[in-house]
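K.L.:
data33.cif is reproduced in full below (mmCIF, C-alpha atoms and all ligand atoms).
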data_structure
loop_
_atom_site.group_PDB
_atom_site.id
_atom_site.type_symbol
_atom_site.label_atom_id
_atom_site.label_comp_id
_atom_site.auth_asym_id
_atom_site.auth_seq_id
_atom_site.Cartn_x
_atom_site.Cartn_y
_atom_site.Cartn_z
ATOM 1 C CA MET A 960 14.038 -2.531 34.309
ATOM 2 C CA ALA A 961 11.858 -1.412 31.424
ATOM 3 C CA GLU A 962 11.823 -3.917 28.574
ATOM 4 C CA SER A 963 12.445 -2.743 25.054
ATOM 5 C CA HIS A 964 10.785 -4.001 21.903
ATOM 6 C CA PRO A 965 12.682 -4.584 18.614
ATOM 7 C CA MET A 966 10.475 -1.991 16.938
ATOM 8 C CA ASP A 967 10.929 0.708 19.576
ATOM 9 C CA ALA A 968 13.421 2.511 17.355
ATOM 10 C CA VAL A 969 10.784 3.022 14.679
ATOM 11 C CA LEU A 970 7.353 2.912 16.351
ATOM 12 C CA ARG A 971 6.046 5.802 18.424
ATOM 13 C CA GLN A 972 4.828 4.027 21.545
ATOM 14 C CA ASP A 973 3.402 7.277 22.867
ATOM 15 C CA ARG A 974 0.833 7.255 20.038
ATOM 16 C CA LEU A 975 -0.414 3.751 20.781
ATOM 17 C CA PRO A 976 -2.984 2.237 20.944
ATOM 18 C CA HIS A 977 -3.707 2.944 17.311
ATOM 19 C CA ILE A 978 -7.122 3.882 15.931
ATOM 20 C CA TRP A 979 -7.606 0.924 13.583
ATOM 21 C CA CYS A 980 -10.565 -1.427 14.002
ATOM 22 C CA PRO A 981 -10.223 -5.027 15.231
ATOM 23 C CA GLY A 982 -9.464 -7.252 12.244
ATOM 24 C CA CYS A 983 -8.096 -4.397 10.128
ATOM 25 C CA GLY A 984 -4.959 -5.314 8.204
ATOM 26 C CA LEU A 985 -3.229 -1.988 8.654
ATOM 27 C CA GLY A 986 -1.359 -2.990 11.819
ATOM 28 C CA THR A 987 0.136 -5.977 10.000
ATOM 29 C CA ALA A 988 1.064 -3.847 6.991
ATOM 30 C CA LEU A 989 2.807 -1.380 9.299
ATOM 31 C CA THR A 990 4.615 -4.184 11.135
ATOM 32 C CA CYS A 991 5.915 -5.563 7.826
ATOM 33 C CA PHE A 992 7.110 -2.103 6.821
ATOM 34 C CA VAL A 993 8.870 -1.435 10.124
ATOM 35 C CA SER A 994 10.481 -4.846 10.098
ATOM 36 C CA ALA A 995 11.674 -4.410 6.498
ATOM 37 C CA LEU A 996 13.009 -0.981 7.313
ATOM 38 C CA VAL A 997 15.007 -2.212 10.306
ATOM 39 C CA LYS A 998 16.464 -5.097 8.263
ATOM 40 C CA SER A 999 17.247 -2.876 5.270
ATOM 41 C CA GLY A 1000 20.141 -1.210 7.036
ATOM 42 C CA LEU A 1001 19.016 2.187 5.734
ATOM 43 C CA ASP A 1002 20.028 5.177 7.825
ATOM 44 C CA LEU A 1003 16.776 5.920 9.666
ATOM 45 C CA ASP A 1004 17.774 9.564 9.994
ATOM 46 C CA LYS A 1005 17.450 9.793 6.224
ATOM 47 C CA VAL A 1006 14.157 7.934 5.849
ATOM 48 C CA VAL A 1007 11.014 10.028 5.437
ATOM 49 C CA VAL A 1008 7.459 8.667 5.423
ATOM 50 C CA VAL A 1009 4.708 10.601 3.675
ATOM 51 C CA SER A 1010 1.017 9.768 3.696
ATOM 52 C CA GLY A 1011 -2.189 11.342 2.506
ATOM 53 C CA ILE A 1012 -5.556 11.136 4.256
ATOM 54 C CA GLY A 1013 -7.400 7.982 5.238
ATOM 55 C CA CYS A 1014 -7.073 5.067 7.632
ATOM 56 C CA THR A 1015 -3.768 4.095 5.994
ATOM 57 C CA GLY A 1016 -2.595 7.679 6.173
ATOM 58 C CA ARG A 1017 -2.430 7.380 9.947
ATOM 59 C CA VAL A 1018 0.752 5.345 9.549
ATOM 60 C CA ALA A 1019 2.786 8.528 9.217
ATOM 61 C CA GLY A 1020 1.844 9.450 12.770
ATOM 62 C CA TYR A 1021 2.910 6.137 14.289
ATOM 63 C CA VAL A 1022 6.517 6.036 13.083
ATOM 64 C CA ARG A 1023 9.463 7.528 14.912
ATOM 65 C CA LEU A 1024 10.874 8.951 11.707
ATOM 66 C CA ASP A 1025 10.562 12.235 9.886
ATOM 67 C CA SER A 1026 7.009 11.892 8.639
ATOM 68 C CA PHE A 1027 4.361 14.018 7.005
ATOM 69 C CA HIS A 1028 0.595 13.583 6.959
ATOM 70 C CA THR A 1029 -0.329 15.578 3.891
ATOM 71 C CA THR A 1030 -3.570 16.652 2.263
ATOM 72 C CA HIS A 1031 -5.762 14.118 0.483
ATOM 73 C CA GLY A 1032 -4.158 12.695 -2.651
ATOM 74 C CA ARG A 1033 -1.028 14.817 -2.382
ATOM 75 C CA ALA A 1034 1.427 12.448 -0.734
ATOM 76 C CA ILE A 1035 3.344 11.745 -3.957
ATOM 77 C CA PRO A 1036 3.922 15.362 -5.070
ATOM 78 C CA PHE A 1037 4.911 16.217 -1.490
ATOM 79 C CA ALA A 1038 7.345 13.292 -1.487
ATOM 80 C CA THR A 1039 8.688 14.341 -4.886
ATOM 81 C CA GLY A 1040 9.446 17.781 -3.480
ATOM 82 C CA LEU A 1041 11.289 16.255 -0.540
ATOM 83 C CA LYS A 1042 13.382 14.121 -2.871
ATOM 84 C CA LEU A 1043 14.196 17.093 -5.080
ATOM 85 C CA GLY A 1044 15.115 19.207 -2.073
ATOM 86 C CA ASN A 1045 17.376 16.563 -0.572
ATOM 87 C CA PRO A 1046 18.320 13.704 -2.939
ATOM 88 C CA GLU A 1047 20.017 11.858 -0.057
ATOM 89 C CA LEU A 1048 16.659 11.053 1.512
ATOM 90 C CA LYS A 1049 14.947 7.678 1.205
ATOM 91 C CA VAL A 1050 11.387 8.773 0.594
ATOM 92 C CA VAL A 1051 8.532 6.364 1.295
ATOM 93 C CA VAL A 1052 4.893 7.067 0.529
ATOM 94 C CA PHE A 1053 2.575 4.904 2.634
ATOM 95 C CA SER A 1054 -1.066 5.519 1.839
ATOM 96 C CA GLY A 1055 -4.336 3.952 0.739
ATOM 97 C CA ASP A 1056 -5.897 3.080 -2.600
ATOM 98 C CA GLY A 1057 -8.430 5.898 -2.446
ATOM 99 C CA ASP A 1058 -5.776 8.461 -1.618
ATOM 100 C CA LEU A 1059 -3.179 7.276 -4.128
ATOM 101 C CA ALA A 1060 -5.201 5.930 -7.048
ATOM 102 C CA GLY A 1061 -8.399 7.968 -6.699
ATOM 103 C CA ILE A 1062 -7.855 11.500 -5.469
ATOM 104 C CA GLY A 1063 -4.107 11.349 -6.156
ATOM 105 C CA GLY A 1064 -4.237 9.144 -9.239
ATOM 106 C CA ASN A 1065 -2.695 11.676 -11.564
ATOM 107 C CA HIS A 1066 0.313 12.109 -9.268
ATOM 108 C CA LEU A 1067 0.798 8.355 -9.088
ATOM 109 C CA ILE A 1068 1.016 7.843 -12.838
ATOM 110 C CA HIS A 1069 3.285 10.818 -13.466
ATOM 111 C CA ALA A 1070 5.729 10.003 -10.665
ATOM 112 C CA ALA A 1071 5.963 6.480 -12.099
ATOM 113 C CA ARG A 1072 6.351 7.878 -15.620
ATOM 114 C CA ARG A 1073 9.233 10.055 -14.465
ATOM 115 C CA ASN A 1074 10.702 7.177 -12.463
ATOM 116 C CA VAL A 1075 11.110 9.364 -9.407
ATOM 117 C CA ASP A 1076 13.274 7.586 -6.834
ATOM 118 C CA MET A 1077 10.723 6.699 -4.142
ATOM 119 C CA THR A 1078 8.925 3.718 -2.676
ATOM 120 C CA VAL A 1079 5.143 3.722 -2.708
ATOM 121 C CA ILE A 1080 3.340 1.276 -0.412
ATOM 122 C CA CYS A 1081 -0.332 1.287 -1.326
ATOM 123 C CA VAL A 1082 -2.693 -0.482 1.043
ATOM 124 C CA ASN A 1083 -5.728 -1.577 -0.931
ATOM 125 C CA ASN A 1084 -8.867 -2.338 1.086
ATOM 126 C CA PHE A 1085 -11.207 -1.689 -1.853
ATOM 127 C CA ASN A 1086 -13.036 1.268 -0.331
ATOM 128 C CA TYR A 1087 -12.673 4.645 1.351
ATOM 129 C CA GLY A 1088 -12.571 3.370 4.931
ATOM 130 C CA MET A 1089 -12.131 6.469 7.037
ATOM 131 C CA THR A 1090 -15.020 8.392 5.518
ATOM 132 C CA GLY A 1091 -17.673 5.678 5.587
ATOM 133 C CA GLY A 1092 -16.841 2.922 3.120
ATOM 134 C CA GLN A 1093 -17.579 4.661 -0.149
ATOM 135 C CA LEU A 1094 -16.853 3.267 -3.611
ATOM 136 C CA ALA A 1095 -13.154 3.519 -4.489
ATOM 137 C CA PRO A 1096 -11.326 3.210 -7.820
ATOM 138 C CA THR A 1097 -10.316 -0.295 -6.726
ATOM 139 C CA THR A 1098 -13.748 -1.557 -5.655
ATOM 140 C CA PRO A 1099 -14.315 -4.799 -7.597
ATOM 141 C CA LEU A 1100 -17.132 -4.937 -10.136
ATOM 142 C CA HIS A 1101 -20.446 -5.818 -8.407
ATOM 143 C CA ALA A 1102 -19.008 -5.310 -4.891
ATOM 144 C CA ARG A 1103 -21.274 -3.466 -2.492
ATOM 145 C CA THR A 1104 -20.195 -0.322 -0.691
ATOM 146 C CA SER A 1105 -22.040 2.434 1.137
ATOM 147 C CA THR A 1106 -22.378 4.306 -2.163
ATOM 148 C CA SER A 1107 -22.986 1.244 -4.335
ATOM 149 C CA PRO A 1108 -25.525 -0.670 -2.217
ATOM 150 C CA ARG A 1109 -26.785 -2.562 -5.278
ATOM 151 C CA GLY A 1110 -23.285 -3.436 -6.465
ATOM 152 C CA ASN A 1111 -20.525 -1.486 -8.169
ATOM 153 C CA GLN A 1112 -21.103 -0.929 -11.889
ATOM 154 C CA GLU A 1113 -17.624 0.510 -12.587
ATOM 155 C CA HIS A 1114 -14.529 -1.381 -13.675
ATOM 156 C CA PRO A 1115 -11.801 -1.037 -11.031
ATOM 157 C CA PHE A 1116 -8.155 -0.173 -11.450
ATOM 158 C CA ASN A 1117 -5.718 -3.039 -11.535
ATOM 159 C CA LEU A 1118 -3.042 -1.236 -9.516
ATOM 160 C CA PRO A 1119 0.019 -3.307 -10.517
ATOM 161 C CA TYR A 1120 -0.910 -2.821 -14.185
ATOM 162 C CA LEU A 1121 -1.441 0.900 -13.611
ATOM 163 C CA ALA A 1122 1.933 1.285 -11.887
ATOM 164 C CA ALA A 1123 3.823 -0.900 -14.361
ATOM 165 C CA GLY A 1124 2.143 0.666 -17.386
ATOM 166 C CA SER A 1125 3.042 4.108 -16.083
ATOM 167 C CA GLY A 1126 6.719 3.213 -15.720
ATOM 168 C CA ALA A 1127 7.425 1.741 -12.271
ATOM 169 C CA VAL A 1128 10.651 -0.293 -12.100
ATOM 170 C CA TYR A 1129 9.509 -2.537 -9.236
ATOM 171 C CA VAL A 1130 5.942 -3.779 -8.761
ATOM 172 C CA ALA A 1131 4.751 -6.402 -6.293
ATOM 173 C CA ARG A 1132 1.503 -7.388 -4.609
ATOM 174 C CA TRP A 1133 0.941 -9.339 -1.407
ATOM 175 C CA THR A 1134 -1.870 -9.681 1.081
ATOM 176 C CA VAL A 1135 -1.364 -9.067 4.805
ATOM 177 C CA LEU A 1136 -1.568 -12.831 5.280
ATOM 178 C CA HIS A 1137 1.779 -13.148 3.467
ATOM 179 C CA VAL A 1138 3.741 -11.384 6.192
ATOM 180 C CA ARG A 1139 7.201 -12.735 5.372
ATOM 181 C CA ARG A 1140 6.808 -12.245 1.635
ATOM 182 C CA LEU A 1141 5.330 -8.798 2.127
ATOM 183 C CA GLU A 1142 8.200 -7.803 4.390
ATOM 184 C CA LYS A 1143 10.686 -9.095 1.798
ATOM 185 C CA ALA A 1144 8.970 -7.209 -1.023
ATOM 186 C CA ILE A 1145 8.965 -3.969 0.951
ATOM 187 C CA GLY A 1146 12.640 -4.537 1.746
ATOM 188 C CA GLU A 1147 13.422 -4.992 -1.958
ATOM 189 C CA ALA A 1148 11.393 -1.930 -2.867
ATOM 190 C CA LEU A 1149 13.175 0.174 -0.258
ATOM 191 C CA VAL A 1150 16.600 -0.498 -1.728
ATOM 192 C CA LYS A 1151 15.457 -0.346 -5.351
ATOM 193 C CA ARG A 1152 16.488 2.828 -7.119
ATOM 194 C CA GLY A 1153 13.590 4.372 -9.014
ATOM 195 C CA PHE A 1154 9.836 4.245 -8.600
ATOM 196 C CA SER A 1155 8.970 1.096 -6.661
ATOM 197 C CA PHE A 1156 5.383 0.112 -5.926
ATOM 198 C CA VAL A 1157 4.066 -2.468 -3.472
ATOM 199 C CA GLU A 1158 0.335 -3.125 -3.288
ATOM 200 C CA VAL A 1159 -0.838 -4.571 0.022
ATOM 201 C CA ILE A 1160 -4.248 -6.248 -0.029
ATOM 202 C CA SER A 1161 -5.752 -5.644 3.397
ATOM 203 C CA PRO A 1162 -9.045 -6.394 5.176
ATOM 204 C CA CYS A 1163 -11.484 -3.653 6.085
ATOM 205 C CA PRO A 1164 -14.027 -5.854 7.873
ATOM 206 C CA THR A 1165 -15.827 -2.876 9.405
ATOM 207 C CA LEU A 1166 -16.988 -1.424 6.104
ATOM 208 C CA TYR A 1167 -16.021 -3.317 2.948
ATOM 209 C CA GLY A 1168 -16.250 -6.687 4.691
ATOM 210 C CA ARG A 1169 -19.619 -5.957 6.277
ATOM 211 C CA MET A 1170 -21.059 -5.090 2.875
ATOM 212 C CA ASN A 1171 -19.585 -8.135 1.129
ATOM 213 C CA LYS A 1172 -20.087 -11.142 3.419
ATOM 214 C CA LEU A 1173 -16.646 -10.869 5.027
ATOM 215 C CA ARG A 1174 -17.622 -9.450 8.406
ATOM 216 C CA GLU A 1175 -14.566 -10.591 10.349
ATOM 217 C CA GLY A 1176 -10.870 -10.083 9.724
ATOM 218 C CA LEU A 1177 -10.384 -13.813 10.157
ATOM 219 C CA GLU A 1178 -12.765 -14.520 7.266
ATOM 220 C CA HIS A 1179 -10.710 -12.211 5.056
ATOM 221 C CA LEU A 1180 -7.523 -14.052 5.988
ATOM 222 C CA ARG A 1181 -9.178 -17.399 5.268
ATOM 223 C CA TYR A 1182 -10.238 -16.069 1.880
ATOM 224 C CA TYR A 1183 -6.672 -14.874 1.194
ATOM 225 C CA ARG A 1184 -5.307 -18.285 2.142
ATOM 226 C CA GLU A 1185 -7.747 -20.151 -0.082
ATOM 227 C CA ARG A 1186 -7.773 -17.850 -3.099
ATOM 228 C CA SER A 1187 -4.283 -16.276 -3.308
ATOM 229 C CA ARG A 1188 -2.081 -17.628 -6.056
ATOM 230 C CA ILE A 1189 1.613 -16.778 -6.172
ATOM 231 C CA VAL A 1190 2.693 -16.072 -9.745
ATOM 232 C CA HIS A 1191 6.053 -14.317 -9.806
ATOM 233 C CA GLY A 1192 6.629 -12.554 -13.098
ATOM 234 C CA ALA A 1193 2.930 -12.526 -13.994
ATOM 235 C CA ASP A 1194 2.017 -10.025 -16.664
ATOM 236 C CA PRO A 1195 0.472 -7.162 -14.638
ATOM 237 C CA ARG A 1196 -2.388 -6.908 -17.118
ATOM 238 C CA ASP A 1197 -3.499 -10.372 -15.978
ATOM 239 C CA VAL A 1198 -3.769 -9.653 -12.250
ATOM 240 C CA ASP A 1199 -7.206 -8.030 -12.040
ATOM 241 C CA ILE A 1200 -9.078 -8.668 -8.813
ATOM 242 C CA GLU A 1201 -12.683 -9.793 -9.101
ATOM 243 C CA LEU A 1202 -15.217 -9.995 -6.298
ATOM 244 C CA SER A 1203 -14.623 -13.364 -4.559
ATOM 245 C CA GLY A 1204 -12.137 -14.340 -7.276
ATOM 246 C CA ASP A 1205 -8.520 -15.415 -7.073
ATOM 247 C CA ILE A 1206 -5.926 -12.888 -5.937
ATOM 248 C CA ILE A 1207 -2.707 -13.203 -7.893
ATOM 249 C CA VAL A 1208 0.234 -12.130 -5.743
ATOM 250 C CA GLY A 1209 3.968 -12.006 -6.302
ATOM 251 C CA LYS A 1210 6.710 -9.875 -7.752
ATOM 252 C CA PHE A 1211 5.601 -8.795 -11.201
ATOM 253 C CA VAL A 1212 8.193 -6.226 -12.302
ATOM 254 C CA ASP A 1213 11.848 -5.698 -11.385
ATOM 255 C CA ILE A 1214 13.699 -3.802 -14.105
ATOM 256 C CA GLU A 1215 16.370 -1.143 -14.441
ATOM 257 C CA LYS A 1216 15.984 2.174 -16.190
ATOM 258 C CA PRO A 1217 17.224 5.739 -15.763
ATOM 259 C CA VAL A 1218 15.938 7.527 -12.707
ATOM 260 C CA TRP A 1219 14.531 11.030 -12.845
ATOM 261 C CA GLY A 1220 17.485 13.356 -12.451
ATOM 262 C CA ASP A 1221 20.010 10.948 -13.981
ATOM 263 C CA THR A 1222 18.815 11.842 -17.459
ATOM 264 C CA GLN A 1223 19.803 15.517 -17.196
HETATM 265 S S1 LIG A 1301 -12.543 1.454 8.686
HETATM 266 FE FE1 LIG A 1301 -11.617 -0.315 7.648
HETATM 267 S S2 LIG A 1301 -9.566 0.367 6.944
HETATM 268 FE FE2 LIG A 1301 -10.330 1.850 8.491
HETATM 269 S S3 LIG A 1301 -9.438 1.135 10.430
HETATM 270 FE FE3 LIG A 1301 -11.508 0.243 10.278
HETATM 271 S S4 LIG A 1301 -11.163 -1.774 9.303
HETATM 272 FE FE4 LIG A 1301 -9.298 -0.556 8.962
#
Since I need it in another form, could you write the structure as structure tokens?
P.N.:
Amino acid sequence: MAESHPMDAVLRQDRLPHIWCPGCGLGTALTCFVSALVKSGLDLDKVVVVSGIGCTGRVAGYVRLDSFHTTHGRAIPFATGLKLGNPELKVVVFSGDGDLAGIGGNHLIHAARRNVDMTVICVNNFNYGMTGGQLAPTTPLHARTSTSPRGNQEHPFNLPYLAAGSGAVYVARWTVLHVRRLEKAIGEALVKRGFSFVEVISPCPTLYGRMNKLREGLEHLRYYRERSRIVHGADPRDVDIELSGDIIVGKFVDIEKPVWGDTQ
């Protein structure tokens, strides 16, 4: 008799094995999402996952849900259209930092400003992984990438501050080492009405790690264990990430305010 797996209802086994590199955190991020989704009790027939382009964007192809792999940076406007077309849907955007905060940055801030009812899960690996490890809007100051071999000279986005400052009603950050807490945060975001944002700090040992003395996924996880500090309720403006510095994680924002559509 064929054995079933608890995630069979949500994961597309026919698409496995996935394309992600050994030590990449994306599999763990996806597992936390699937687990949170199953526990949320949401009607899976009404859950839609939208991603843009990039390593994280492949998530949309691995879930047994209505899902859309959209053009680069356009996951949020696509998701907004879905929500407008059918307000009964639970719309989840699952994409990377380059896709959401770089190429799609304008869509991110305006969807948060409008408080569109959607959940955005942003996996931050500090570079554009799929296209060769280029500098991203989240690359820490002085970090090396394929396009900043002498060290990044640009100040990076602090994504929780960006989301909160733009109007998000729920903002949290966890690393992929914090599997239970990450799963819980995604679960809270899924049932939160309004624009909810979860940043997931994830290893990219193949590119970002190789350039910054973190060549193995295990080294990244050790770094997360040693340098993560849980500060629930931290002011988002104080949670910048510096190269080799502390990573402040936790739930930073959980407020109520009118959702786009309710104000009309
Ligand atoms: S390039 Fe980086 S982000 Fe992409 S799959 Fe490999 S480790 Fe993961």
K.L.:
I need the residue nearest ligand LIG 1301 (chain A) from this list: A:Pro976, A:Gly1092, A:Pro1119, A:Gly1000. Use only C-alpha atoms and all ligand atoms for the distance.
P.N.:
A:Gly1092
K.L.:
Find the residues of chain A that sit at most 9 Å from ligand LIG 1301 (chain A); for each, write down the nearest two atoms and how far apart they are in Å, to one decimal. Count only C-alpha atoms and all ligand atoms. Sort by chain, then by number going up, and give it as a tab-separated table.
P.N.:
residue	atom	partner	partner_atom	distance
A:Ile978	CA	A:LIG1301	S3	6.6
A:Trp979	CA	A:LIG1301	S3	3.7
A:Cys980	CA	A:LIG1301	FE3	4.2
A:Pro981	CA	A:LIG1301	S4	6.8
A:Gly982	CA	A:LIG1301	S4	6.4
A:Cys983	CA	A:LIG1301	S4	4.1
A:Gly984	CA	A:LIG1301	FE4	6.5
A:Leu985	CA	A:LIG1301	FE4	6.2
A:Gly986	CA	A:LIG1301	FE4	8.8
A:Gly1013	CA	A:LIG1301	FE2	7.5
A:Cys1014	CA	A:LIG1301	FE2	4.7
A:Thr1015	CA	A:LIG1301	S2	7.0
A:Gly1055	CA	A:LIG1301	S2	8.9
A:Asn1083	CA	A:LIG1301	S2	9.0
A:Asn1084	CA	A:LIG1301	S2	6.5
A:Asn1086	CA	A:LIG1301	S2	8.1
A:Tyr1087	CA	A:LIG1301	S2	7.7
A:Gly1088	CA	A:LIG1301	S1	4.2
A:Met1089	CA	A:LIG1301	FE2	5.2
A:Thr1090	CA	A:LIG1301	S1	8.0
A:Gly1091	CA	A:LIG1301	S1	7.3
A:Gly1092	CA	A:LIG1301	S1	7.2
A:Ser1161	CA	A:LIG1301	S2	8.0
A:Pro1162	CA	A:LIG1301	S4	6.5
A:Cys1163	CA	A:LIG1301	FE1	3.7
A:Pro1164	CA	A:LIG1301	S4	5.2
A:Thr1165	CA	A:LIG1301	S4	4.8
A:Leu1166	CA	A:LIG1301	FE1	5.7
A:Tyr1167	CA	A:LIG1301	FE1	7.1
A:Gly1168	CA	A:LIG1301	FE1	8.4
A:Gly1176	CA	A:LIG1301	S4	8.3
K.L.:
Pick the closest to Val1135 in chain A from A:Leu975, A:Ile1200, A:Val1157, A:Val1009: which is it, counting all atoms listed in the file?
P.N.:
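Distance minimum relative to Val1135 in chain A lands on A:Val1157.
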K.L.:
Which one is closest to Glu1201 in chain A: A:His1101, A:Tyr1182, A:Gly1146, A:Ser1187? Count only C-alpha atoms.
P.N.:
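Distance minimum relative to Glu1201 in chain A lands on A:His1101.
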K.L.:
Between A:Leu1121, A:Ile1160, A:Ala1144, A:Val1075, which residue has the minimum interatomic distance to Leu1043 in chain A, considering only C-alpha atoms?
P.N.:
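Under the stated criterion, the closest residue is A:Val1075.
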K.L.:
Could you spell out the hits of the PyMOL selection byres (((chain A and resi 1127) around 7) and not hetatm) on the shown file, as a PyMOL selection string?
P.N.:
chain A and resi 1071+1074+1122-1123+1125-1126+1128-1130+1154-1156
K.L.:
Which is closer to Gly1220 in chain A than all the others in A:Glu962, A:Asp967, A:Glu1147, A:Asp1076, using all atoms listed in the file?
P.N.:
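Of A:Glu962, A:Asp967, A:Glu1147, A:Asp1076, the one nearest Gly1220 in chain A is A:Asp1076, counting all atoms listed in the file.
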